[in-house]
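The next block holds one structure in the form of structure tokens; read it before the comments.
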Amino acid sequence: TDIAFLESLGVKESKAMTDTMISKIGPILANRLIHSILILNPEKYNEMVRKGYNMNKIKAYLHNHAIIKTSEKLTEKVPVILDQFCEPPIYFNYLKTEKLIYRDINFYTKAESVHISVAAASIIARYAFLAKMQQFSKFIGLNLLKGAGSEVDKQLVEIYKSRGYQALPPITKLNFKNLTKNHI
């Protein structure tokens, strides 16, 4: 029912939008659309990696919980569309130890370009990520850079040299290549 509204805002693939654009329409979408946000902080992520979770297993776990939380807010059943990051049997295998698994899912590769609702969800998620990055920046007292480029590498080495290893777990994923390639 909100497709015309989403189109009027210029909702499209989040990767095709700047952070400024996302910061502008993200809160509008979050206020209008029923959704659930799950934030996996770096320390919890690092703990899951130590337990043997890979990135796809973590994503499956988070998607399952977000879908369940969101479906509980709805009065009627709606189609669930998921951007396929692994084959469906593998997705469900990752969840085999979960007590509650949402199974009625339509998997699509490049789902953001298939349905505008997925694009809107990605924008809300990116907006939440940007807000969390601001919190991490405030916590550490630096404007933390995003991504995995050489500038991020330099910043991580700077933080490590000035504050020690203990400053890293609350703000970064410890298995990222920019940490290992700099011998941190």
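Residue numbering restarts at 1 for every chain of the structure tokens, chains are lettered A, B, ... in their displayed order, and ligands are numbered from 1 as they appear.
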Give me, as a tab-separated table, each residue of range 48-166 of chain A that comes within 6 Å of range 13-23 of chain A, together with its shortest interatomic pair and the distance in Å at one decimal, counting only C-alpha atoms, with rows ordered by chain and rising residue number.
```
residue	atom	partner	partner_atom	distance
A:Glu112	CA	A:Glu13	CA	5.5
A:Ala119	CA	A:Glu13	CA	5.1
A:Ile123	CA	A:Ser14	CA	5.5
A:Tyr127	CA	A:Ser23	CA	5.8
```
Write out as a PDB file with C-alpha atoms, in the first residue's frame all residues of chain A that DSSP puts in alpha helix (DSSP H) for this structure's backbone.
```pdb
ATOM      1  CA  ILE A   3       4.595   1.772  -3.012  1.00  0.00           C
ATOM      2  CA  ALA A   4       3.525   5.172  -4.405  1.00  0.00           C
ATOM      3  CA  PHE A   5       4.822   6.852  -1.230  1.00  0.00           C
ATOM      4  CA  LEU A   6       8.175   5.034  -1.540  1.00  0.00           C
ATOM      5  CA  GLU A   7       8.442   6.019  -5.203  1.00  0.00           C
ATOM      6  CA  SER A   8       7.664   9.654  -4.337  1.00  0.00           C
ATOM      7  CA  LEU A   9      10.610   9.661  -1.911  1.00  0.00           C
ATOM      8  CA  ASP A  19      24.759   8.444   3.055  1.00  0.00           C
ATOM      9  CA  THR A  20      23.336  11.985   2.977  1.00  0.00           C
ATOM     10  CA  MET A  21      20.328  10.806   0.970  1.00  0.00           C
ATOM     11  CA  ILE A  22      19.866   7.834   3.282  1.00  0.00           C
ATOM     12  CA  SER A  23      20.083  10.080   6.349  1.00  0.00           C
ATOM     13  CA  LYS A  24      17.356  12.244   4.842  1.00  0.00           C
ATOM     14  CA  ILE A  25      14.798   9.575   3.924  1.00  0.00           C
ATOM     15  CA  GLY A  26      15.779   6.842   6.399  1.00  0.00           C
ATOM     16  CA  PRO A  27      13.938   8.413   9.348  1.00  0.00           C
ATOM     17  CA  ILE A  28      10.885   9.122   7.171  1.00  0.00           C
ATOM     18  CA  LEU A  29      10.732   5.468   6.165  1.00  0.00           C
ATOM     19  CA  ALA A  30      11.366   4.266   9.722  1.00  0.00           C
ATOM     20  CA  ASN A  31       8.479   6.409  10.991  1.00  0.00           C
ATOM     21  CA  ARG A  32       6.061   5.229   8.303  1.00  0.00           C
ATOM     22  CA  PRO A  42      31.085  -5.547  17.199  1.00  0.00           C
ATOM     23  CA  GLU A  43      31.725  -7.333  20.504  1.00  0.00           C
ATOM     24  CA  LYS A  44      28.773  -9.716  19.977  1.00  0.00           C
ATOM     25  CA  TYR A  45      29.809 -10.207  16.348  1.00  0.00           C
ATOM     26  CA  ASN A  46      33.355 -11.070  17.437  1.00  0.00           C
ATOM     27  CA  GLU A  47      31.971 -13.540  19.985  1.00  0.00           C
ATOM     28  CA  MET A  48      29.859 -15.247  17.307  1.00  0.00           C
ATOM     29  CA  VAL A  49      32.872 -15.515  14.981  1.00  0.00           C
ATOM     30  CA  ARG A  50      34.883 -17.106  17.818  1.00  0.00           C
ATOM     31  CA  MET A  55      29.084 -14.098   7.886  1.00  0.00           C
ATOM     32  CA  ASN A  56      26.217 -15.902   6.140  1.00  0.00           C
ATOM     33  CA  LYS A  57      25.241 -17.808   9.284  1.00  0.00           C
ATOM     34  CA  ILE A  58      25.208 -14.526  11.217  1.00  0.00           C
ATOM     35  CA  LYS A  59      23.068 -12.901   8.510  1.00  0.00           C
ATOM     36  CA  ALA A  60      20.653 -15.852   8.490  1.00  0.00           C
ATOM     37  CA  TYR A  61      20.323 -15.659  12.273  1.00  0.00           C
ATOM     38  CA  LEU A  62      19.675 -11.898  12.216  1.00  0.00           C
ATOM     39  CA  HIS A  63      17.261 -12.031   9.264  1.00  0.00           C
ATOM     40  CA  ASN A  64      15.258 -14.811  10.920  1.00  0.00           C
ATOM     41  CA  HIS A  65      14.928 -12.849  14.151  1.00  0.00           C
ATOM     42  CA  ALA A  66      14.044  -9.609  12.355  1.00  0.00           C
ATOM     43  CA  ILE A  67      11.395 -11.353  10.245  1.00  0.00           C
ATOM     44  CA  ILE A  68       9.860 -12.964  13.335  1.00  0.00           C
ATOM     45  CA  LYS A  69       9.888  -9.672  15.277  1.00  0.00           C
ATOM     46  CA  THR A  70       8.340  -7.766  12.388  1.00  0.00           C
ATOM     47  CA  SER A  71       5.686 -10.404  11.634  1.00  0.00           C
ATOM     48  CA  GLU A  72       4.592 -10.197  15.281  1.00  0.00           C
ATOM     49  CA  PRO A  88      17.730 -21.357   0.603  1.00  0.00           C
ATOM     50  CA  PRO A  89      18.607 -24.876   1.878  1.00  0.00           C
ATOM     51  CA  ILE A  90      21.876 -23.497   3.271  1.00  0.00           C
ATOM     52  CA  TYR A  91      20.024 -20.544   4.846  1.00  0.00           C
ATOM     53  CA  PHE A  92      17.669 -22.901   6.673  1.00  0.00           C
ATOM     54  CA  ASN A  93      20.537 -25.220   7.621  1.00  0.00           C
ATOM     55  CA  TYR A  94      22.235 -22.280   9.361  1.00  0.00           C
ATOM     56  CA  ALA A 111      16.119  -8.272  -4.222  1.00  0.00           C
ATOM     57  CA  GLU A 112      16.503  -4.493  -3.856  1.00  0.00           C
ATOM     58  CA  SER A 113      16.019  -4.183  -7.607  1.00  0.00           C
ATOM     59  CA  VAL A 114      13.143  -6.708  -7.604  1.00  0.00           C
ATOM     60  CA  ILE A 116      10.897  -1.548  -3.606  1.00  0.00           C
ATOM     61  CA  SER A 117      10.054  -2.862  -0.119  1.00  0.00           C
ATOM     62  CA  VAL A 118      13.483  -4.518   0.074  1.00  0.00           C
ATOM     63  CA  ALA A 119      15.110  -1.271  -1.033  1.00  0.00           C
ATOM     64  CA  ALA A 120      13.190   0.580   1.715  1.00  0.00           C
ATOM     65  CA  ALA A 121      14.285  -2.002   4.296  1.00  0.00           C
ATOM     66  CA  SER A 122      17.902  -1.628   3.179  1.00  0.00           C
ATOM     67  CA  ILE A 123      17.677   2.145   3.522  1.00  0.00           C
ATOM     68  CA  ILE A 124      16.288   1.834   7.053  1.00  0.00           C
ATOM     69  CA  ALA A 125      19.075  -0.626   7.911  1.00  0.00           C
ATOM     70  CA  ARG A 126      21.757   1.659   6.459  1.00  0.00           C
ATOM     71  CA  TYR A 127      20.290   4.608   8.356  1.00  0.00           C
ATOM     72  CA  ALA A 128      20.489   2.597  11.602  1.00  0.00           C
ATOM     73  CA  PHE A 129      24.098   1.669  10.754  1.00  0.00           C
ATOM     74  CA  LEU A 130      25.024   5.328  10.189  1.00  0.00           C
ATOM     75  CA  ALA A 131      23.445   6.293  13.524  1.00  0.00           C
ATOM     76  CA  LYS A 132      25.366   3.501  15.285  1.00  0.00           C
ATOM     77  CA  MET A 133      28.617   4.617  13.632  1.00  0.00           C
ATOM     78  CA  GLN A 134      28.011   8.110  15.039  1.00  0.00           C
ATOM     79  CA  GLN A 135      27.636   6.566  18.506  1.00  0.00           C
ATOM     80  CA  PHE A 136      30.866   4.593  18.085  1.00  0.00           C
ATOM     81  CA  SER A 137      32.632   7.753  16.874  1.00  0.00           C
ATOM     82  CA  LYS A 138      31.420   9.664  19.921  1.00  0.00           C
ATOM     83  CA  PHE A 139      32.471   6.784  22.188  1.00  0.00           C
ATOM     84  CA  ILE A 140      36.032   6.707  20.839  1.00  0.00           C
ATOM     85  CA  SER A 150      43.360   2.216   3.002  1.00  0.00           C
ATOM     86  CA  GLU A 151      42.159   5.248   4.992  1.00  0.00           C
ATOM     87  CA  VAL A 152      40.256   2.929   7.340  1.00  0.00           C
ATOM     88  CA  ASP A 153      43.406   0.817   7.654  1.00  0.00           C
ATOM     89  CA  LYS A 154      45.422   3.876   8.659  1.00  0.00           C
ATOM     90  CA  GLN A 155      42.805   4.933  11.199  1.00  0.00           C
ATOM     91  CA  LEU A 156      42.708   1.477  12.808  1.00  0.00           C
ATOM     92  CA  VAL A 157      46.503   1.370  13.076  1.00  0.00           C
ATOM     93  CA  GLU A 158      46.396   4.866  14.623  1.00  0.00           C
ATOM     94  CA  ILE A 159      43.813   3.793  17.199  1.00  0.00           C
ATOM     95  CA  TYR A 160      45.779   0.625  17.956  1.00  0.00           C
ATOM     96  CA  LYS A 161      49.072   2.505  18.418  1.00  0.00           C
ATOM     97  CA  SER A 162      47.590   5.290  20.543  1.00  0.00           C
ATOM     98  CA  ARG A 163      45.073   3.323  22.640  1.00  0.00           C
ATOM     99  CA  LYS A 177      41.157  -8.088   6.602  1.00  0.00           C
ATOM    100  CA  ASN A 178      42.143  -4.501   7.373  1.00  0.00           C
ATOM    101  CA  LEU A 179      43.069  -5.652  10.890  1.00  0.00           C
ATOM    102  CA  THR A 180      44.874  -8.856   9.937  1.00  0.00           C
TER     103      THR A 180
END
```
Pick out the closest residue to Ile34 in chain A from this set: A:Val78, A:Tyr53, A:Gly164, A:Thr109. Count only C-alpha atoms.
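With only C-alpha atoms as the atom set, the closest residue is A:Val78.
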Expected answer as a PyMOL selection string: strand (DSSP E or B) residues in range 36-120 of chain A:
chain A and resi 80-83+105-108
Which is closest to Glu87 in chain A among A:Phe107, A:Leu33, A:Gln166, A:Leu38, if we use only C-alpha atoms?
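The closest residue to Glu87 in chain A is A:Phe107.
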Do a neighbour search on Pro79 in chain A at 8 Å with only C-alpha atoms, toss out local chain neighbours closer than 4 positions, and write the hits as a list of chain:residue names.
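Everything that qualifies: A:Asp104, A:Ile105, A:Asn106.
Taking CA of Asn41 in chain A and CA of Gly149 in chain A as the two end points, the separation is 20.8 Å.
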Find, counting only C-alpha atoms, the residue in A:Arg103, A:Gln84, A:Lys146, A:Lys73 that gets nearest to Ile171 in chain A.
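Closest residue, counting only C-alpha atoms: A:Lys146.
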So how many Å separate CA of Glu76 in chain A and CA of Lys110 in chain A, to one decimal?
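Separation of CA of Glu76 in chain A and CA of Lys110 in chain A: 26.1 Å.
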